[in-house]
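Text of data_32.pdb, listed as PDB, C-alpha atoms, pLDDT in the B column:
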MODEL        1
ATOM      1  CA  GLN A 987      11.254   1.945 -14.053  1.00 68.00           C
ATOM      2  CA  LYS A 988       8.098   3.497 -12.708  1.00 74.00           C
ATOM      3  CA  GLU A 989       8.753   6.063  -9.991  1.00 90.00           C
ATOM      4  CA  VAL A 990       6.482   7.944  -7.634  1.00 95.00           C
ATOM      5  CA  GLU A 991       8.040  10.844  -5.782  1.00 96.00           C
ATOM      6  CA  GLN A 992       6.829  12.499  -2.620  1.00 95.00           C
ATOM      7  CA  ASN A 993       8.442  14.934  -0.229  1.00 90.00           C
ATOM      8  CA  SER A 994       9.093  12.948   2.935  1.00 86.00           C
ATOM      9  CA  GLY A 995       8.292  15.908   5.186  1.00 87.00           C
ATOM     10  CA  PRO A 996       7.312  16.351   7.855  1.00 95.00           C
ATOM     11  CA  LEU A 997       4.778  18.885   6.705  1.00 96.00           C
ATOM     12  CA  SER A 998       3.661  20.850   9.732  1.00 97.00           C
ATOM     13  CA  VAL A 999       0.401  22.808   9.712  1.00 97.00           C
ATOM     14  CA  PRO A1000      -1.677  24.335  12.499  1.00 97.00           C
ATOM     15  CA  GLU A1001      -5.113  22.996  13.301  1.00 97.00           C
ATOM     16  CA  GLY A1002      -7.746  24.412  10.956  1.00 97.00           C
ATOM     17  CA  ALA A1003      -5.313  25.145   8.129  1.00 97.00           C
ATOM     18  CA  ILE A1004      -5.210  23.573   4.676  1.00 97.00           C
ATOM     19  CA  ALA A1005      -2.593  20.860   4.216  1.00 97.00           C
ATOM     20  CA  SER A1006      -1.298  20.347   0.680  1.00 97.00           C
ATOM     21  CA  LEU A1007       0.440  17.080  -0.181  1.00 97.00           C
ATOM     22  CA  ASN A1008       2.104  16.582  -3.543  1.00 97.00           C
ATOM     23  CA  CYS A1009       3.157  13.645  -5.690  1.00 97.00           C
ATOM     24  CA  THR A1010       4.812  13.309  -9.093  1.00 97.00           C
ATOM     25  CA  TYR A1011       5.079  10.185 -11.208  1.00 95.00           C
ATOM     26  CA  SER A1012       7.298   9.140 -14.064  1.00 93.00           C
ATOM     27  CA  ASP A1013       5.115   6.853 -16.201  1.00 89.00           C
ATOM     28  CA  ARG A1014       2.978   8.832 -18.662  1.00 90.00           C
ATOM     29  CA  GLY A1015       0.779   5.781 -19.188  1.00 88.00           C
ATOM     30  CA  SER A1016      -0.465   5.871 -15.606  1.00 90.00           C
ATOM     31  CA  GLN A1017      -4.245   5.969 -15.417  1.00 89.00           C
ATOM     32  CA  SER A1018      -5.257   5.592 -11.781  1.00 91.00           C
ATOM     33  CA  PHE A1019      -4.140   7.473  -8.713  1.00 94.00           C
ATOM     34  CA  PHE A1020      -4.737   6.826  -5.055  1.00 95.00           C
ATOM     35  CA  TRP A1021      -4.060   8.439  -1.714  1.00 97.00           C
ATOM     36  CA  TYR A1022      -3.647   6.266   1.352  1.00 97.00           C
ATOM     37  CA  ARG A1023      -3.349   7.416   4.965  1.00 97.00           C
ATOM     38  CA  GLN A1024      -1.092   5.421   7.262  1.00 97.00           C
ATOM     39  CA  TYR A1025      -0.952   6.004  10.992  1.00 97.00           C
ATOM     40  CA  SER A1026       2.258   5.021  12.751  1.00 94.00           C
ATOM     41  CA  GLY A1027       2.469   1.262  13.140  1.00 92.00           C
ATOM     42  CA  LYS A1028      -0.757   0.679  11.198  1.00 94.00           C
ATOM     43  CA  SER A1029      -1.552  -0.411   7.659  1.00 95.00           C
ATOM     44  CA  PRO A1030      -2.469   1.950   4.797  1.00 96.00           C
ATOM     45  CA  GLU A1031      -6.088   3.073   4.574  1.00 95.00           C
ATOM     46  CA  LEU A1032      -7.552   4.175   1.240  1.00 93.00           C
ATOM     47  CA  ILE A1033      -8.938   7.696   1.402  1.00 95.00           C
ATOM     48  CA  MET A1034      -9.191   8.921  -2.209  1.00 93.00           C
ATOM     49  CA  SER A1035      -8.962   7.726  -5.787  1.00 93.00           C
ATOM     50  CA  ILE A1036      -8.878   9.852  -8.945  1.00 95.00           C
ATOM     51  CA  TYR A1037      -8.761   8.886 -12.603  1.00 92.00           C
ATOM     52  CA  SER A1038      -9.503  12.071 -14.595  1.00 94.00           C
ATOM     53  CA  ASN A1039      -7.825  15.453 -14.785  1.00 96.00           C
ATOM     54  CA  GLY A1040      -9.242  18.014 -12.412  1.00 96.00           C
ATOM     55  CA  ASP A1041     -10.490  17.952  -8.861  1.00 96.00           C
ATOM     56  CA  LYS A1042     -12.383  15.334  -6.885  1.00 97.00           C
ATOM     57  CA  GLU A1043     -13.815  16.244  -3.499  1.00 97.00           C
ATOM     58  CA  ASP A1044     -14.815  13.972  -0.626  1.00 95.00           C
ATOM     59  CA  GLY A1045     -15.607  15.740   2.605  1.00 96.00           C
ATOM     60  CA  ARG A1046     -12.528  17.630   3.772  1.00 97.00           C
ATOM     61  CA  PHE A1047     -10.339  15.933   1.163  1.00 97.00           C
ATOM     62  CA  THR A1048      -9.769  17.095  -2.411  1.00 98.00           C
ATOM     63  CA  ALA A1049      -7.609  15.181  -4.864  1.00 97.00           C
ATOM     64  CA  GLN A1050      -6.231  17.046  -7.855  1.00 97.00           C
ATOM     65  CA  LEU A1051      -4.805  15.444 -10.984  1.00 97.00           C
ATOM     66  CA  ASN A1052      -2.844  16.970 -13.857  1.00 97.00           C
ATOM     67  CA  LYS A1053      -1.729  14.230 -16.246  1.00 95.00           C
ATOM     68  CA  ALA A1054       0.108  16.649 -18.536  1.00 95.00           C
ATOM     69  CA  SER A1055       2.343  17.667 -15.641  1.00 95.00           C
ATOM     70  CA  GLN A1056       2.343  14.127 -14.172  1.00 96.00           C
ATOM     71  CA  TYR A1057       1.286  15.575 -10.880  1.00 96.00           C
ATOM     72  CA  VAL A1058      -1.298  14.603  -8.295  1.00 97.00           C
ATOM     73  CA  SER A1059      -2.047  16.325  -5.015  1.00 97.00           C
ATOM     74  CA  LEU A1060      -4.197  15.944  -1.931  1.00 98.00           C
ATOM     75  CA  LEU A1061      -5.657  18.918  -0.081  1.00 98.00           C
ATOM     76  CA  ILE A1062      -6.965  18.500   3.447  1.00 97.00           C
ATOM     77  CA  ARG A1063      -9.162  21.377   4.572  1.00 98.00           C
ATOM     78  CA  ASP A1064      -9.718  22.266   8.229  1.00 97.00           C
ATOM     79  CA  SER A1065      -6.839  20.006   9.262  1.00 97.00           C
ATOM     80  CA  GLN A1066      -7.275  18.218  12.583  1.00 97.00           C
ATOM     81  CA  PRO A1067      -4.661  16.686  14.900  1.00 97.00           C
ATOM     82  CA  SER A1068      -6.204  13.312  14.018  1.00 97.00           C
ATOM     83  CA  ASP A1069      -5.063  13.889  10.422  1.00 97.00           C
ATOM     84  CA  SER A1070      -1.450  13.555  11.590  1.00 97.00           C
ATOM     85  CA  ALA A1071      -0.184  10.533   9.664  1.00 97.00           C
ATOM     86  CA  THR A1072       1.880   9.557   6.662  1.00 97.00           C
ATOM     87  CA  TYR A1073       0.111   9.985   3.337  1.00 98.00           C
ATOM     88  CA  LEU A1074       1.066   7.575   0.575  1.00 97.00           C
ATOM     89  CA  CYS A1075       0.552   8.325  -3.098  1.00 97.00           C
ATOM     90  CA  ALA A1076       0.016   5.260  -5.313  1.00 95.00           C
ATOM     91  CA  VAL A1077      -0.111   5.109  -9.097  1.00 94.00           C
ATOM     92  CA  GLY A1078      -1.423   2.371 -11.372  1.00 88.00           C
ATOM     93  CA  MET A1079      -1.717   1.568 -15.059  1.00 73.00           C
ATOM     94  CA  ASN A1080      -5.376   0.479 -14.838  1.00 60.00           C
ATOM     95  CA  SER A1081      -4.884  -2.281 -17.395  1.00 59.00           C
ATOM     96  CA  GLY A1082      -4.506  -6.041 -17.231  1.00 63.00           C
ATOM     97  CA  TYR A1083      -3.043  -7.230 -13.974  1.00 64.00           C
ATOM     98  CA  SER A1084      -1.500  -3.858 -13.303  1.00 66.00           C
ATOM     99  CA  THR A1085      -0.025  -3.175  -9.933  1.00 82.00           C
ATOM    100  CA  LEU A1086       0.318  -0.033  -7.881  1.00 89.00           C
ATOM    101  CA  THR A1087       3.581   1.783  -7.385  1.00 92.00           C
ATOM    102  CA  PHE A1088       3.762   3.590  -4.077  1.00 95.00           C
ATOM    103  CA  GLY A1089       5.699   6.664  -3.096  1.00 96.00           C
ATOM    104  CA  LYS A1090       7.613   6.775   0.185  1.00 96.00           C
ATOM    105  CA  GLY A1091       4.943   8.939   1.768  1.00 96.00           C
ATOM    106  CA  THR A1092       4.742  12.404   3.287  1.00 97.00           C
ATOM    107  CA  MET A1093       4.424  12.763   7.036  1.00 97.00           C
ATOM    108  CA  LEU A1094       1.826  15.331   8.057  1.00 97.00           C
ATOM    109  CA  LEU A1095       1.841  16.862  11.532  1.00 97.00           C
ATOM    110  CA  VAL A1096      -1.159  18.948  12.587  1.00 97.00           C
ATOM    111  CA  SER A1097      -0.542  20.927  15.747  1.00 96.00           C
ATOM    112  CA  PRO A1098      -3.421  21.946  18.064  1.00 93.00           C
TER
ATOM    113  CA  GLU B1323     -17.649  -3.981   7.074  1.00 68.00           C
ATOM    114  CA  ALA B1324     -15.574  -6.708   5.411  1.00 81.00           C
ATOM    115  CA  GLU B1325     -11.854  -6.586   6.131  1.00 93.00           C
ATOM    116  CA  VAL B1326      -8.675  -8.339   5.118  1.00 96.00           C
ATOM    117  CA  ALA B1327      -7.477 -10.597   7.928  1.00 97.00           C
ATOM    118  CA  GLN B1328      -3.828 -11.325   8.681  1.00 98.00           C
ATOM    119  CA  SER B1329      -2.032 -13.366  11.294  1.00 97.00           C
ATOM    120  CA  PRO B1330       0.063 -13.214  13.279  1.00 97.00           C
ATOM    121  CA  ARG B1331       0.125  -9.500  13.978  1.00 96.00           C
ATOM    122  CA  TYR B1332       3.650  -9.642  15.365  1.00 97.00           C
ATOM    123  CA  LYS B1333       6.425 -12.162  14.935  1.00 97.00           C
ATOM    124  CA  ILE B1334       9.891 -12.269  16.444  1.00 97.00           C
ATOM    125  CA  THR B1335      12.276 -14.873  15.123  1.00 97.00           C
ATOM    126  CA  GLU B1336      15.958 -15.589  14.936  1.00 96.00           C
ATOM    127  CA  LYS B1337      17.858 -15.472  11.686  1.00 96.00           C
ATOM    128  CA  SER B1338      17.950 -18.736   9.763  1.00 96.00           C
ATOM    129  CA  GLN B1339      14.544 -19.746  11.154  1.00 97.00           C
ATOM    130  CA  ALA B1340      11.437 -20.208   9.035  1.00 97.00           C
ATOM    131  CA  VAL B1341       8.427 -17.912   9.349  1.00 98.00           C
ATOM    132  CA  ALA B1342       4.993 -17.961   7.760  1.00 97.00           C
ATOM    133  CA  PHE B1343       2.287 -15.342   7.430  1.00 98.00           C
ATOM    134  CA  TRP B1344      -1.365 -15.903   6.641  1.00 97.00           C
ATOM    135  CA  CYS B1345      -3.875 -13.703   4.853  1.00 97.00           C
ATOM    136  CA  ASP B1346      -7.614 -14.018   4.256  1.00 97.00           C
ATOM    137  CA  PRO B1347      -8.842 -11.429   1.727  1.00 96.00           C
ATOM    138  CA  ILE B1348     -12.218  -9.742   1.633  1.00 95.00           C
ATOM    139  CA  SER B1349     -14.798 -12.279   0.493  1.00 93.00           C
ATOM    140  CA  GLY B1350     -15.151 -12.334  -3.263  1.00 91.00           C
ATOM    141  CA  HIS B1351     -11.921 -10.484  -3.987  1.00 92.00           C
ATOM    142  CA  ALA B1352     -10.090 -12.465  -6.643  1.00 90.00           C
ATOM    143  CA  THR B1353      -6.866 -10.468  -6.555  1.00 93.00           C
ATOM    144  CA  LEU B1354      -4.536 -10.748  -3.587  1.00 95.00           C
ATOM    145  CA  TYR B1355      -1.257  -8.940  -2.995  1.00 96.00           C
ATOM    146  CA  TRP B1356       1.627  -9.357  -0.583  1.00 97.00           C
ATOM    147  CA  TYR B1357       3.730  -6.265   0.103  1.00 97.00           C
ATOM    148  CA  ARG B1358       6.774  -5.591   2.249  1.00 97.00           C
ATOM    149  CA  GLN B1359       7.128  -2.190   3.861  1.00 97.00           C
ATOM    150  CA  ILE B1360      10.396  -1.152   5.440  1.00 96.00           C
ATOM    151  CA  LEU B1361      10.207   1.669   7.972  1.00 92.00           C
ATOM    152  CA  GLY B1362      10.158   5.030   6.195  1.00 91.00           C
ATOM    153  CA  GLN B1363       9.422   3.522   2.788  1.00 94.00           C
ATOM    154  CA  GLY B1364       6.304   2.849   0.770  1.00 95.00           C
ATOM    155  CA  PRO B1365       4.936  -0.682   0.335  1.00 96.00           C
ATOM    156  CA  GLU B1366       6.785  -2.752  -2.263  1.00 95.00           C
ATOM    157  CA  LEU B1367       4.951  -5.535  -4.058  1.00 94.00           C
ATOM    158  CA  LEU B1368       6.296  -9.026  -3.465  1.00 96.00           C
ATOM    159  CA  VAL B1369       3.682 -11.137  -5.213  1.00 96.00           C
ATOM    160  CA  GLN B1370       0.265 -10.740  -6.828  1.00 94.00           C
ATOM    161  CA  PHE B1371      -2.301 -13.503  -7.252  1.00 94.00           C
ATOM    162  CA  GLN B1372      -5.303 -13.638  -9.535  1.00 92.00           C
ATOM    163  CA  ASP B1373      -7.405 -16.412  -8.019  1.00 92.00           C
ATOM    164  CA  GLU B1374      -4.883 -19.206  -7.397  1.00 92.00           C
ATOM    165  CA  SER B1375      -2.396 -18.095 -10.059  1.00 93.00           C
ATOM    166  CA  VAL B1376       0.665 -15.921  -9.568  1.00 93.00           C
ATOM    167  CA  VAL B1377       0.552 -13.016 -12.030  1.00 91.00           C
ATOM    168  CA  ASP B1378       3.531 -11.035 -10.743  1.00 91.00           C
ATOM    169  CA  ASP B1379       6.335 -12.254  -8.516  1.00 93.00           C
ATOM    170  CA  SER B1380       9.151 -10.347 -10.165  1.00 90.00           C
ATOM    171  CA  GLN B1381      10.228  -8.726  -6.869  1.00 91.00           C
ATOM    172  CA  LEU B1382       9.919 -11.854  -4.727  1.00 95.00           C
ATOM    173  CA  PRO B1383      13.328 -13.146  -3.516  1.00 94.00           C
ATOM    174  CA  LYS B1384      12.634 -16.667  -4.649  1.00 93.00           C
ATOM    175  CA  ASP B1385      15.674 -18.192  -3.005  1.00 95.00           C
ATOM    176  CA  ARG B1386      14.066 -17.676   0.387  1.00 97.00           C
ATOM    177  CA  PHE B1387      10.484 -16.488  -0.105  1.00 97.00           C
ATOM    178  CA  SER B1388       7.525 -18.514  -1.313  1.00 97.00           C
ATOM    179  CA  ALA B1389       3.831 -17.746  -1.574  1.00 97.00           C
ATOM    180  CA  GLU B1390       0.795 -19.831  -2.316  1.00 96.00           C
ATOM    181  CA  ARG B1391      -2.943 -19.443  -2.652  1.00 95.00           C
ATOM    182  CA  LEU B1392      -3.975 -23.010  -3.275  1.00 85.00           C
ATOM    183  CA  LYS B1393      -7.761 -22.646  -3.383  1.00 88.00           C
ATOM    184  CA  GLY B1394      -7.832 -19.086  -4.604  1.00 85.00           C
ATOM    185  CA  VAL B1395      -9.011 -17.737  -1.259  1.00 92.00           C
ATOM    186  CA  ASP B1396      -6.551 -17.400   1.624  1.00 96.00           C
ATOM    187  CA  SER B1397      -2.817 -17.189   1.129  1.00 97.00           C
ATOM    188  CA  THR B1398       0.430 -17.965   2.922  1.00 97.00           C
ATOM    189  CA  LEU B1399       3.769 -16.194   2.557  1.00 98.00           C
ATOM    190  CA  LYS B1400       6.826 -18.048   3.841  1.00 98.00           C
ATOM    191  CA  ILE B1401      10.399 -17.013   4.473  1.00 97.00           C
ATOM    192  CA  GLN B1402      13.064 -19.663   4.928  1.00 97.00           C
ATOM    193  CA  PRO B1403      15.641 -18.903   6.178  1.00 96.00           C
ATOM    194  CA  ALA B1404      14.896 -15.479   7.623  1.00 97.00           C
ATOM    195  CA  GLU B1405      17.639 -12.854   7.477  1.00 96.00           C
ATOM    196  CA  LEU B1406      18.137  -9.698   9.533  1.00 96.00           C
ATOM    197  CA  GLY B1407      17.188  -7.568   6.527  1.00 95.00           C
ATOM    198  CA  ASP B1408      13.762  -9.204   6.377  1.00 97.00           C
ATOM    199  CA  SER B1409      12.623  -7.201   9.400  1.00 97.00           C
ATOM    200  CA  ALA B1410       9.688  -5.189   8.078  1.00 97.00           C
ATOM    201  CA  MET B1411       5.903  -4.953   7.964  1.00 97.00           C
ATOM    202  CA  TYR B1412       4.332  -7.546   5.686  1.00 98.00           C
ATOM    203  CA  LEU B1413       1.059  -6.324   4.263  1.00 98.00           C
ATOM    204  CA  CYS B1414      -1.653  -8.265   2.497  1.00 97.00           C
ATOM    205  CA  ALA B1415      -4.185  -6.491   0.294  1.00 96.00           C
ATOM    206  CA  SER B1416      -7.058  -7.545  -1.901  1.00 95.00           C
ATOM    207  CA  SER B1417      -9.080  -5.919  -4.637  1.00 92.00           C
ATOM    208  CA  PRO B1418     -12.458  -6.593  -6.278  1.00 88.00           C
ATOM    209  CA  ALA B1419     -12.725  -7.759  -9.871  1.00 81.00           C
ATOM    210  CA  ARG B1420     -14.339  -4.563 -11.133  1.00 81.00           C
ATOM    211  CA  GLU B1421     -11.802  -2.269  -9.470  1.00 78.00           C
ATOM    212  CA  ARG B1422      -8.585  -4.211  -9.560  1.00 75.00           C
ATOM    213  CA  GLU B1423      -6.410  -1.285  -8.567  1.00 78.00           C
ATOM    214  CA  THR B1424      -8.531  -0.290  -5.594  1.00 86.00           C
ATOM    215  CA  GLN B1425      -6.640  -2.222  -2.968  1.00 91.00           C
ATOM    216  CA  TYR B1426      -7.721  -2.737   0.617  1.00 94.00           C
ATOM    217  CA  PHE B1427      -5.049  -3.585   3.139  1.00 96.00           C
ATOM    218  CA  GLY B1428      -5.092  -5.885   6.112  1.00 97.00           C
ATOM    219  CA  PRO B1429      -3.557  -4.883   9.471  1.00 97.00           C
ATOM    220  CA  GLY B1430      -0.151  -6.308   8.547  1.00 97.00           C
ATOM    221  CA  THR B1431       2.359  -8.565  10.271  1.00 97.00           C
ATOM    222  CA  ARG B1432       5.342  -6.866  11.851  1.00 97.00           C
ATOM    223  CA  LEU B1433       8.375  -9.137  11.628  1.00 97.00           C
ATOM    224  CA  LEU B1434      11.518  -8.695  13.685  1.00 97.00           C
ATOM    225  CA  VAL B1435      14.472 -10.929  12.883  1.00 97.00           C
ATOM    226  CA  LEU B1436      17.139 -11.111  15.596  1.00 96.00           C
TER
ENDMDL
END
Could you render the structure from this file as structure tokens?
Amino acid sequence: QKEVEQNSGPLSVPEGAIASLNCTYSDRGSQSFFWYRQYSGKSPELIMSIYSNGDKEDGRFTAQLNKASQYVSLLIRDSQPSDSATYLCAVGMNSGYSTLTFGKGTMLLVSP
Amino acid sequence: EAEVAQSPRYKITEKSQAVAFWCDPISGHATLYWYRQILGQGPELLVQFQDESVVDDSQLPKDRFSAERLKGVDSTLKIQPAELGDSAMYLCASSPARERETQYFGPGTRLLVL
């Protein structure tokens, strides 16, 4: 059974700091990786996707992927109170009618 | 910007009653997903459609849940009869043909079964 593991948190960081969110997955055949942000009571919002080993940067967000270690992370630079949310890691096979498997999410709290 | 539409946004019902949720995906998105998200958990796939066909309903409790997408556009998810444990957020998502795993979520329907 495919599993995606995340620390539930909360992860507390002060405003302006770097927040580091981690995710591990069990299926070595996984090919696509996504980070979603979910504010309390709202639906998930896609913020990053990554498919190849290494880093991918988009504004204050950097996704990092290491397929050998089955590990994906999200770094948020210059964290803002508005970044306080639950961050969901999702993993897919990228083949056929593949579906995404979601982790339980990590709650991030950014204090002013 | 195109969005996935869902209705209703909130639904309160009594156990043993029937409920139905509606979803209209982003125009042109052939793949549509229904997820259930229990508080504190990640979304769990209930059913996946490719056009009008079901391609994955392995986690759908078929004794009480049904889903259809008759014309390959909008979709309805039904629960009959509802149980207390069905209280959750029901999320609809869609994805474009060229990026099937890039899923865009609607606002969700929050269901409370009393």
For range 1367-1371 of chain B: contacts at 7 Å, all atoms listed in the file, fewer than 4 positions along chain excluded, given as a ChimeraX atom specification: /B:1353-1358,1375-1379,1381-1382
Using all atoms listed in the file: which of B:Asp1408, B:Glu1325, B:Asp1396, B:Asp1346 has the shortest distance to Pro1383 in chain B: B:Asp1408
With the cut-off set at 7 Å and counting only C-alpha atoms, tabulate each residue of chain A with an atom at most that distance from an atom of chain B, showing the nearest atom pair and its distance in Å to one decimal, ordered by chain and increasing number, as a Markdown table.
| residue | atom | partner | partner_atom | distance |
| --- | --- | --- | --- | --- |
| A:Lys1028 | CA | B:Pro1429 | CA | 6.5 |
| A:Ser1029 | CA | B:Pro1429 | CA | 5.2 |
| A:Pro1030 | CA | B:Phe1427 | CA | 6.3 |
| A:Glu1031 | CA | B:Phe1427 | CA | 6.9 |
| A:Leu1032 | CA | B:Tyr1426 | CA | 6.9 |
| A:Gly1078 | CA | B:Glu1423 | CA | 6.8 |
| A:Asn1080 | CA | B:Glu1423 | CA | 6.6 |
| A:Thr1085 | CA | B:Glu1423 | CA | 6.8 |
| A:Leu1086 | CA | B:Glu1423 | CA | 6.9 |
| A:Phe1088 | CA | B:Gly1364 | CA | 5.5 |
| A:Gly1089 | CA | B:Gly1364 | CA | 5.5 |
| A:Lys1090 | CA | B:Gly1364 | CA | 4.2 |
| A:Gly1091 | CA | B:Gly1364 | CA | 6.3 |
Residue with smallest distance to Ser1038 in chain A - pool A:Ser1026, A:Ser1070, A:Ser1059, A:Asn1052, counting only C-alpha atoms: A:Asn1052
Selection under test: the PyMOL selection byres ((chain B and resi 1341) around 9); residues as a list in words: Lys1333, Thr1335, Gln1339, Ala1340, Ala1342, Phe1343, Leu1399, Lys1400, Ile1401, Gln1402, Pro1403 and Ala1404 of chain B
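Relative to CA of Glu1001 in chain A, CA of Ser1097 in chain A is found at 5.6 Å.
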